[in-house]
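File shown: run.cif (mmCIF, C-alpha atoms and all ligand atoms).
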```cif
data_protein
loop_
_atom_site.label_atom_id
_atom_site.label_comp_id
_atom_site.auth_asym_id
_atom_site.auth_seq_id
_atom_site.Cartn_x
_atom_site.Cartn_y
_atom_site.Cartn_z
CA MET A 1 0.00 0.00 0.00
CA ALA A 2 1.25 3.49 -0.81
CA LYS A 3 2.33 5.58 2.16
CA ALA A 4 0.37 8.68 3.14
CA ARG A 5 1.95 11.92 1.99
CA ILE A 6 3.17 14.83 4.08
CA PHE A 7 4.29 18.26 2.93
CA SER A 8 6.10 20.99 4.81
CA GLY A 9 8.22 24.04 4.08
CA VAL A 10 10.78 26.41 5.48
CA GLN A 11 11.46 29.93 4.30
CA PRO A 12 14.95 30.81 3.13
CA THR A 13 15.27 33.88 5.31
CA GLY A 14 17.88 34.63 7.92
CA ASN A 15 19.37 31.98 10.11
CA LEU A 16 17.47 28.85 10.99
CA HIS A 17 17.42 28.45 14.76
CA LEU A 18 16.92 25.77 17.36
CA GLY A 19 13.16 26.51 17.39
CA ASN A 20 12.91 25.65 13.70
CA TYR A 21 15.01 22.56 14.22
CA LEU A 22 13.21 21.20 17.30
CA GLY A 23 9.74 22.43 16.33
CA ALA A 24 9.77 21.43 12.68
CA ILE A 25 12.81 19.68 11.21
CA GLU A 26 13.16 17.09 13.95
CA LEU A 27 9.47 16.35 13.65
CA TRP A 28 9.98 15.76 9.92
CA LEU A 29 12.81 13.35 10.66
CA SER A 30 10.59 11.34 12.95
CA LEU A 31 8.02 10.98 10.14
CA GLN A 32 10.41 10.26 7.30
CA ASN A 33 10.11 6.48 7.41
CA LYS A 34 6.38 6.38 7.89
CA TYR A 35 5.30 8.83 5.17
CA ASP A 36 6.12 9.92 1.65
CA CYS A 37 7.63 13.29 2.45
CA ILE A 38 7.92 16.48 0.43
CA PHE A 39 9.92 19.34 1.96
CA SER A 40 10.07 22.68 0.23
CA VAL A 41 12.37 25.67 0.44
CA VAL A 42 9.55 28.19 0.11
CA ASP A 43 11.29 31.09 -1.60
CA TYR A 44 8.07 32.68 -2.89
CA HIS A 45 6.98 33.02 0.74
CA ALA A 46 10.28 34.70 1.58
CA ILE A 47 9.75 37.52 -0.94
CA THR A 48 6.51 38.62 0.73
CA VAL A 49 8.86 40.89 2.67
CA SER A 50 11.85 42.60 1.13
CA GLN A 51 14.92 40.40 0.53
CA GLU A 52 18.38 41.15 -0.75
CA PRO A 53 18.69 39.06 -3.98
CA ARG A 54 22.25 37.84 -3.42
CA LYS A 55 21.46 36.79 0.15
CA LEU A 56 18.24 35.09 -0.87
CA LYS A 57 20.07 32.98 -3.42
CA GLU A 58 22.57 31.89 -0.75
CA SER A 59 19.82 31.14 1.74
CA ILE A 60 17.96 28.85 -0.67
CA LEU A 61 21.01 26.60 -0.97
CA ALA A 62 21.75 26.98 2.76
CA ILE A 63 18.31 25.67 3.72
CA ALA A 64 18.64 22.70 1.39
CA LYS A 65 21.99 21.90 3.00
CA ILE A 66 20.53 22.25 6.49
CA MET A 67 17.78 19.79 5.59
CA LEU A 68 20.38 17.32 4.32
CA ALA A 69 22.67 17.81 7.33
CA SER A 70 19.69 17.26 9.64
CA GLY A 71 19.16 13.83 8.16
CA ILE A 72 16.48 14.31 5.52
CA ASN A 73 17.41 11.57 3.07
CA PRO A 74 17.01 12.70 -0.56
CA ASP A 75 16.72 9.10 -1.76
CA GLN A 76 13.64 8.75 0.35
CA SER A 77 12.12 12.23 0.67
CA VAL A 78 11.79 15.05 -1.83
CA ILE A 79 13.52 18.39 -1.19
CA PHE A 80 12.74 21.08 -3.75
CA GLN A 81 12.61 24.83 -4.38
CA GLN A 82 9.05 26.16 -4.44
CA SER A 83 9.57 28.69 -7.26
CA ALA A 84 10.91 25.95 -9.55
CA LEU A 85 7.34 24.72 -10.07
CA SER A 86 4.95 27.31 -11.49
CA ALA A 87 1.96 25.21 -10.45
CA HIS A 88 2.33 26.69 -6.94
CA THR A 89 1.60 30.26 -8.01
CA GLU A 90 -1.06 29.16 -10.51
CA LEU A 91 -3.02 27.26 -7.91
CA ALA A 92 -2.44 30.09 -5.43
CA TRP A 93 -4.20 32.44 -7.85
CA ILE A 94 -7.13 30.08 -8.20
CA LEU A 95 -7.42 29.76 -4.43
CA ASN A 96 -7.09 33.54 -4.04
CA CYS A 97 -10.37 33.73 -5.89
CA THR A 98 -12.07 31.47 -3.36
CA ALA A 99 -10.50 32.87 -0.17
CA HIS A 100 -12.27 35.62 1.72
CA MET A 101 -10.63 38.89 2.74
CA GLY A 102 -12.18 38.47 6.18
CA GLU A 103 -10.58 35.10 6.89
CA LEU A 104 -7.15 36.36 5.82
CA LYS A 105 -7.45 39.48 7.96
CA LYS A 106 -7.78 37.21 11.00
CA MET A 107 -4.40 35.55 10.47
CA THR A 108 -2.22 36.17 13.50
CA GLN A 109 1.03 35.98 11.57
CA PHE A 110 -0.16 38.62 9.09
CA LYS A 111 -1.21 40.90 11.92
CA GLU A 112 2.18 40.49 13.62
CA LYS A 113 4.28 40.80 10.48
CA SER A 114 2.38 43.73 9.02
CA ALA A 115 2.52 45.60 12.32
CA GLY A 116 6.32 45.20 12.32
CA GLN A 117 6.79 46.44 8.72
CA LYS A 118 8.45 49.82 8.46
CA ASP A 119 7.62 50.44 4.80
CA ILE A 120 4.85 48.99 2.72
CA VAL A 121 2.83 45.90 3.53
CA SER A 122 2.72 43.87 0.33
CA LEU A 123 -0.36 42.22 -1.09
CA GLY A 124 1.81 39.09 -1.14
CA LEU A 125 2.17 39.17 2.65
CA PHE A 126 -1.61 39.28 2.96
CA ALA A 127 -2.08 36.40 0.51
CA TYR A 128 0.79 34.37 1.98
CA PRO A 129 -1.47 31.78 3.68
CA VAL A 130 -3.24 31.12 0.37
CA LEU A 131 0.08 30.33 -1.32
CA MET A 132 0.81 28.01 1.59
CA ALA A 133 -2.56 26.30 1.01
CA ALA A 134 -1.64 25.87 -2.66
CA ASP A 135 1.70 24.28 -1.66
CA ILE A 136 -0.13 21.76 0.48
CA LEU A 137 -3.13 21.01 -1.74
CA LEU A 138 -1.15 20.50 -4.97
CA TYR A 139 0.24 17.23 -3.64
CA GLN A 140 -2.97 15.72 -2.21
CA THR A 141 -1.19 16.00 1.12
CA GLU A 142 -2.62 13.98 3.99
CA ALA A 143 -0.79 15.74 6.79
CA VAL A 144 1.30 18.85 7.39
CA PRO A 145 3.93 18.72 10.13
CA VAL A 146 4.74 22.25 11.36
CA GLY A 147 5.42 24.27 14.47
CA GLU A 148 2.34 25.30 16.39
CA ASP A 149 2.55 28.87 15.03
CA GLN A 150 1.47 27.55 11.61
CA SER A 151 -1.69 25.76 12.76
CA GLN A 152 -3.97 28.64 11.76
CA HIS A 153 -2.55 28.53 8.23
CA VAL A 154 -3.11 24.78 7.97
CA GLU A 155 -6.67 25.32 9.17
CA LEU A 156 -7.16 27.78 6.29
CA ALA A 157 -5.79 25.21 3.82
CA ARG A 158 -8.39 22.76 5.15
CA ASP A 159 -11.17 25.33 4.77
CA LEU A 160 -10.13 26.24 1.23
CA ALA A 161 -9.92 22.57 0.22
CA ARG A 162 -13.39 21.82 1.60
CA ARG A 163 -14.88 24.95 0.04
CA PHE A 164 -13.48 24.16 -3.41
CA ASN A 165 -14.49 20.49 -3.23
CA HIS A 166 -17.99 21.45 -2.14
CA GLN A 167 -18.43 24.07 -4.85
CA PHE A 168 -16.72 22.37 -7.81
CA GLY A 169 -16.47 18.66 -6.95
CA GLN A 170 -13.84 16.54 -5.22
CA THR A 171 -10.42 17.93 -6.16
CA PHE A 172 -8.24 18.25 -3.06
CA THR A 173 -7.42 16.02 -0.10
CA VAL A 174 -8.25 17.82 3.16
CA PRO A 175 -4.95 17.80 5.10
CA ASP A 176 -4.48 17.09 8.80
CA LEU A 177 -2.16 19.05 11.06
CA ILE A 178 0.73 17.37 12.87
CA THR A 179 2.59 19.23 15.62
CA ARG A 180 4.73 17.89 18.42
CA PRO A 181 3.04 18.73 21.67
CA ASP A 182 6.25 18.77 23.69
CA GLY A 183 8.39 21.05 21.58
CA ALA A 184 5.98 22.72 19.24
CA ARG A 185 6.95 26.13 20.54
CA ILE A 186 10.47 27.03 21.60
CA MET A 187 10.53 30.41 23.28
CA GLY A 188 13.07 33.24 23.11
CA LEU A 189 16.03 32.94 25.50
CA ASP A 190 15.84 36.64 26.32
CA ASP A 191 12.05 36.74 26.58
CA PRO A 192 10.36 33.37 27.22
CA ARG A 193 6.90 34.82 26.66
CA LYS A 194 7.52 35.14 22.91
CA LYS A 195 8.59 32.41 20.51
CA MET A 196 12.21 32.09 19.48
CA SER A 197 12.46 34.01 16.23
CA LYS A 198 15.10 34.74 13.65
CA SER A 199 13.75 38.25 13.29
CA ALA A 200 14.17 39.01 17.01
CA ALA A 201 15.86 42.29 17.88
CA SER A 202 18.61 40.68 19.96
CA GLU A 203 20.81 37.76 18.93
CA TYR A 204 20.49 36.57 22.53
CA ASN A 205 16.92 35.58 21.66
CA TYR A 206 17.91 32.53 19.60
CA ILE A 207 20.48 29.83 19.03
CA ALA A 208 21.15 29.79 15.29
CA LEU A 209 22.09 26.46 13.75
CA LEU A 210 25.13 28.24 12.32
CA ASP A 211 26.17 29.89 15.60
CA GLU A 212 29.72 29.25 16.68
CA PRO A 213 29.25 26.52 19.36
CA ASP A 214 31.06 28.47 22.11
CA LYS A 215 28.98 31.53 21.36
CA ALA A 216 25.81 29.43 21.55
CA ALA A 217 26.87 28.08 24.93
CA LYS A 218 27.34 31.66 26.11
CA LYS A 219 23.81 32.52 24.96
CA ILE A 220 22.41 29.71 27.12
CA MET A 221 24.40 30.95 30.13
CA LYS A 222 22.98 34.44 29.56
CA ALA A 223 19.38 33.27 29.10
CA VAL A 224 16.92 34.93 31.47
CA THR A 225 15.58 32.81 34.35
CA ASP A 226 12.51 33.06 36.57
CA SER A 227 12.17 34.15 40.17
CA GLY A 228 12.46 31.39 42.76
CA GLN A 229 14.99 28.57 42.70
CA GLU A 230 13.19 25.36 41.97
CA ILE A 231 13.84 23.64 38.62
CA LYS A 232 10.30 22.74 37.67
CA PHE A 233 8.31 22.61 34.45
CA ALA A 234 5.51 25.17 34.87
CA PRO A 235 5.11 27.31 31.73
CA ALA A 236 2.69 29.79 33.35
CA ASN A 237 4.84 30.59 36.42
CA LYS A 238 8.25 29.60 35.23
CA PRO A 239 8.31 30.25 31.48
CA ALA A 240 12.10 30.61 31.23
CA ILE A 241 13.04 27.46 33.14
CA SER A 242 10.27 25.51 31.39
CA ASN A 243 11.69 26.56 28.03
CA LEU A 244 15.23 25.51 29.01
CA LEU A 245 13.87 22.17 30.24
CA THR A 246 12.00 21.67 26.96
CA ILE A 247 15.11 22.38 24.88
CA TYR A 248 17.25 20.16 27.08
CA SER A 249 14.74 17.35 26.99
CA LEU A 250 14.53 17.44 23.18
CA LEU A 251 18.30 17.58 22.74
CA SER A 252 19.10 14.88 25.28
CA GLY A 253 16.18 12.53 24.70
CA ARG A 254 15.46 12.55 28.46
CA THR A 255 11.91 13.29 29.59
CA ILE A 256 11.14 16.53 31.40
CA ALA A 257 10.04 14.54 34.46
CA ARG A 258 13.40 12.84 34.55
CA LEU A 259 15.25 16.14 34.24
CA GLU A 260 13.18 17.62 37.09
CA GLU A 261 14.21 14.69 39.23
CA GLU A 262 17.88 14.98 38.28
CA TYR A 263 17.99 18.68 39.09
CA GLN A 264 15.97 18.53 42.29
CA GLY A 265 17.58 20.74 44.92
CA ARG A 266 20.11 22.15 42.42
CA GLN A 267 20.48 25.71 41.16
CA TYR A 268 19.42 27.21 37.83
CA GLY A 269 23.12 27.63 37.03
CA ALA A 270 23.69 23.86 37.06
CA LEU A 271 20.91 23.29 34.54
CA LYS A 272 22.22 26.07 32.30
CA LYS A 273 25.76 24.75 32.40
CA ASP A 274 24.72 21.25 31.34
CA LEU A 275 22.36 22.54 28.67
CA ALA A 276 25.09 24.86 27.33
CA GLU A 277 27.36 21.84 26.96
CA ALA A 278 24.61 19.81 25.23
CA VAL A 279 23.96 22.67 22.79
CA LYS A 280 27.66 22.98 22.08
CA ILE A 281 27.97 19.29 21.24
CA PHE A 282 24.80 19.32 19.16
CA LEU A 283 25.97 22.30 17.07
CA SER A 284 29.51 20.97 16.57
CA ASP A 285 28.17 17.67 15.25
CA PHE A 286 25.55 19.35 13.11
CA GLN A 287 27.99 21.83 11.60
CA SER A 288 30.58 19.21 10.78
CA ARG A 289 27.93 17.31 8.79
CA LEU A 290 26.86 20.56 7.13
CA ASN A 291 30.38 21.45 6.06
CA GLU A 292 30.66 18.27 4.07
CA ILE A 293 27.76 19.14 1.79
CA THR A 294 28.73 21.08 -1.35
CA ASP A 295 26.69 23.67 -3.25
CA ALA A 296 26.67 21.34 -6.24
CA GLN A 297 25.16 18.53 -4.17
CA ALA A 298 22.45 20.81 -2.80
CA ARG A 299 21.60 22.10 -6.31
CA GLN A 300 21.39 18.57 -7.63
CA VAL A 301 19.06 17.46 -4.82
CA LEU A 302 16.76 20.45 -5.41
CA SER A 303 16.45 19.92 -9.14
CA ALA A 304 15.97 16.16 -8.90
CA GLY A 305 13.30 16.79 -6.24
CA ALA A 306 11.37 19.24 -8.42
CA ALA A 307 11.51 16.90 -11.43
CA LYS A 308 10.16 14.03 -9.36
CA ILE A 309 7.05 15.77 -8.06
CA ALA A 310 6.22 18.07 -10.99
CA PRO A 311 3.81 15.55 -12.58
CA LEU A 312 1.70 15.33 -9.42
CA ALA A 313 1.55 19.13 -9.06
CA GLU A 314 0.56 19.51 -12.70
CA SER A 315 -2.08 16.83 -12.49
CA THR A 316 -3.80 18.45 -9.49
CA LEU A 317 -3.61 21.87 -11.15
CA ARG A 318 -5.12 20.44 -14.35
CA THR A 319 -8.02 18.93 -12.40
CA ALA A 320 -8.66 22.22 -10.58
CA LYS A 321 -8.70 24.11 -13.90
CA GLU A 322 -11.07 21.57 -15.43
CA ARG A 323 -13.43 21.80 -12.48
CA LEU A 324 -13.50 25.58 -12.83
CA GLY A 325 -14.31 25.45 -16.54
CA LEU A 326 -10.98 26.84 -17.66
CA THR A 327 -9.97 23.91 -19.88
CA LEU A 328 -11.38 23.98 -23.41
CA ASN A 329 -9.84 20.86 -24.91
CA ASN A 330 -11.43 18.13 -22.86
CA HIS A 331 -14.27 15.93 -23.95
CA ARG A 332 -16.68 16.51 -21.12
P1 LIG B 401 9.82 29.68 9.46
O1 LIG B 401 11.12 30.00 10.05
O2 LIG B 401 8.77 30.66 9.84
O3 LIG B 401 9.88 29.37 8.00
O4 LIG B 401 9.36 28.35 10.17
C1 LIG B 401 9.79 27.07 9.78
C2 LIG B 401 9.19 26.04 10.70
O5 LIG B 401 9.71 26.19 12.02
C3 LIG B 401 7.67 26.12 10.84
O6 LIG B 401 7.12 24.82 10.90
C4 LIG B 401 7.48 26.82 12.16
O7 LIG B 401 6.27 26.45 12.78
C5 LIG B 401 8.66 26.30 12.97
N1 LIG B 401 9.06 27.26 14.01
C6 LIG B 401 9.45 28.55 13.83
N2 LIG B 401 9.74 29.13 15.01
C7 LIG B 401 9.53 28.19 15.96
C8 LIG B 401 9.68 28.16 17.39
N3 LIG B 401 10.10 29.22 18.07
N4 LIG B 401 9.35 27.02 18.03
C9 LIG B 401 8.95 25.93 17.34
N5 LIG B 401 8.80 25.88 16.01
C10 LIG B 401 9.09 26.99 15.32
N1 LIG B 402 4.52 29.42 6.30
C1 LIG B 402 5.43 28.40 6.76
C2 LIG B 402 6.35 29.01 7.82
O1 LIG B 402 6.64 30.16 7.84
C3 LIG B 402 6.27 27.85 5.65
C4 LIG B 402 5.43 27.14 4.63
C5 LIG B 402 5.12 27.58 3.38
C6 LIG B 402 4.80 25.87 4.79
N2 LIG B 402 4.36 26.65 2.73
C7 LIG B 402 4.13 25.62 3.56
C8 LIG B 402 4.72 24.96 5.83
C9 LIG B 402 3.38 24.45 3.38
C10 LIG B 402 3.99 23.80 5.65
C11 LIG B 402 3.30 23.54 4.43
O2 LIG B 402 6.82 28.27 8.63
#
```

How does this structure look as structure tokens?
Ligand code: AMP
Ligand code: TRP
Amino acid sequence: MAKARIFSGVQPTGNLHLGNYLGAIELWLSLQNKYDCIFSVVDYHAITVSQEPRKLKESILAIAKIMLASGINPDQSVIFQQSALSAHTELAWILNCTAHMGELKKMTQFKEKSAGQKDIVSLGLFAYPVLMAADILLYQTEAVPVGEDQSQHVELARDLARRFNHQFGQTFTVPDLITRPDGARIMGLDDPRKKMSKSAASEYNYIALLDEPDKAAKKIMKAVTDSGQEIKFAPANKPAISNLLTIYSLLSGRTIARLEEEYQGRQYGALKKDLAEAVKIFLSDFQSRLNEITDAQARQVLSAGAAKIAPLAESTLRTAKERLGLTLNNHR
């Protein structure tokens, strides 16, 4: 029996951080054997805010390399560049014509990102979730593994799929959401009430996957802590310590309960010191794998990936166009 399909994407903007890795990429790894996986470097999403062309080009390859260094196996899973397949923007246009302004105005990420924009807010930024729905629906995706911050967008993809199917006949699979409840949201080291983000004002907010390991260890040592002394997982009262415990648990494979037990009666400093060491080791290993991957390899993986899935994307797009009455040369 064919495996169920999953689709997910990462934007080639800035530095990927530990939140992206633990919230998304590691989740993908855990699903790789069970599902047919498609992972996209979503460059058309990146240009919804202004990007420097030379940097963008570098980031597209960098993300592909990060996926490979993380353990996404290109013989098993597809890695491709979104803009290589025009079906994404074509279906996005079609879905734009079924999406409602009102439902897009409600999107939390749009509200946050547009509020932070100094210059113009592009129409692309507003329509961003519709492009994401097109990404997902083109491949008859059964499930979408993402960080919790993307759940509203996946919900929109589900709504748009159902709406289209209802109005024009069965065309799209309605996708499920997959998040990891434990590490779906890694918070900022300097402010544990907001998620870790590559666009944060201070570099002490995040651990970038490309951070120098010693520097990363320093960031952990400087992370804010909560009042009190007890090392306990309690996100409402102890958001900072809970976040450090979450990160440590995910990196070490030990449960949070076990960590609480190990650190009973010990100081915050002890936890930070051990976590700093774990982060250092994780980054050194990761970066040595990354350094072995060449630009040529990454390019080859991206183009082979696009070639492999293009027929499926085109077939779904063709069906959608037929259903809408846009295709003149069929016999029906
Ligand atoms: P982005 O960097 O926005 O392209 O996000 C790529 C993936 O990482 C998405 O699945 C996000 O949900 C996930 N992600 C981003 N930030 C975090 C975070 N702080 N904690 C957990 N997951 C995150
Ligand atoms: N919007 C997602 C993010 O910022 C990236 C993305 C684009 C995506 N298309 C997607 C994720 C399709 C999952 C499925 O994280």

What does the distance from CA of Ile136 (chain A) to atom C10 of ligand LIG 401 (chain B) come to in Å, to one decimal?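 Distance between the two atoms: 18.2 Å.
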
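Once all atoms listed in the file are used for the distance check, the residues close to ligand LIG 402 (chain B) at 7 Å turn out to be Phe7, Ser8, Gly9, Val10, Gln11, Val42, His45, Pro129, Leu131, Met132, Ala133, Asp135, Ile136, Val144, Pro145, Val146 and Gln150 of chain A.
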
Using all atoms listed in the file, which of the listed residues (A:Asn329, A:Thr316, A:Thr246, A:Gln170) sits closest to Gln140 (chain A)?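 Going through A:Asn329, A:Thr316, A:Thr246, A:Gln170 one by one, the smallest distance to Gln140 (chain A) is for A:Thr316.
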
Would you list the residues that come within 9 Å of ligand LIG 401 (chain B)? Count all atoms listed in the file and give the answer as an MDAnalysis selection string. chainID A and resid 8:25 41:42 45:46 145:151 179 183:188 194:198 206

At most 10 Å from (17.1, 38.1, 33.7), file frame, only C-alpha atoms: which residues, as a JSON list (two decimals) with C-alpha atoms, in the coordinates of the input?
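Just written: point02.json:
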```json
[["chain", "number", "residue", "atom", "x", "y", "z"],
["A", 189, "LEU", "CA", 16.03, 32.94, 25.50],
["A", 190, "ASP", "CA", 15.84, 36.64, 26.32],
["A", 191, "ASP", "CA", 12.05, 36.74, 26.58],
["A", 222, "LYS", "CA", 22.98, 34.44, 29.56],
["A", 223, "ALA", "CA", 19.38, 33.27, 29.10],
["A", 224, "VAL", "CA", 16.92, 34.93, 31.47],
["A", 225, "THR", "CA", 15.58, 32.81, 34.35],
["A", 226, "ASP", "CA", 12.51, 33.06, 36.57],
["A", 227, "SER", "CA", 12.17, 34.15, 40.17],
["A", 240, "ALA", "CA", 12.10, 30.61, 31.23]]
```

Around (26.6, 23.2, 15.5), as given in the file, which residues come within 12 Å? Count only C-alpha atoms and list them as an NGL selection string. :A and (16-18 or 21 or 66 or 69-70 or 207-217 or 277-291)

Test item: residues at most 12 Å from Leu125 (chain A), only C-alpha atoms, excluding those fewer than 2 positions along its chain, as a ChimeraX atom specification: /A:44-50,104-105,107,109-115,117,120-123,127-132

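The spacing separating CA of Val174 (chain A) from CA of Ile6 (chain A) amounts to 11.8 Å.
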
Quick one: residues within 12 Å of region 231-238 of chain A, all atoms listed in the file counted, chain neighbours fewer than 5 positions away excluded, as JSON, numbers by chain? {"A": [182, 185, 186, 187, 191, 192, 193, 224, 225, 226, 243, 244, 245, 246, 247, 248, 249, 255, 256, 257, 258, 259, 260, 261, 262, 263, 264, 265, 266, 267, 268, 269, 270, 271, 272]}

Expressed in Å to a single decimal, how great is the separation between CA of Ala157 (chain A) and CA of Cys97 (chain A)? 13.7 Å

Go through A:Leu95, A:Gly305, A:Pro53, A:Lys218 one by one, measure the shortest atom-to-atom distance of each to Arg158 (chain A) using all atoms listed in the file, and give the residue with the smallest value.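 Counting all atoms listed in the file, the residue closest to Arg158 (chain A) is A:Leu95.
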
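Nearest-residue note for Tyr35 (chain A): choosing from A:Lys3, A:Arg299, A:Arg254, A:His153, the minimum distance belongs to A:Lys3, counting all atoms listed in the file.
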
Within 12 Å of Ala310 (chain A) using only C-alpha atoms, minus same-chain residues under 3 positions, as a VMD selection string: chain A and resid 38 78 80 to 88 138 to 139 303 to 307 313 to 317
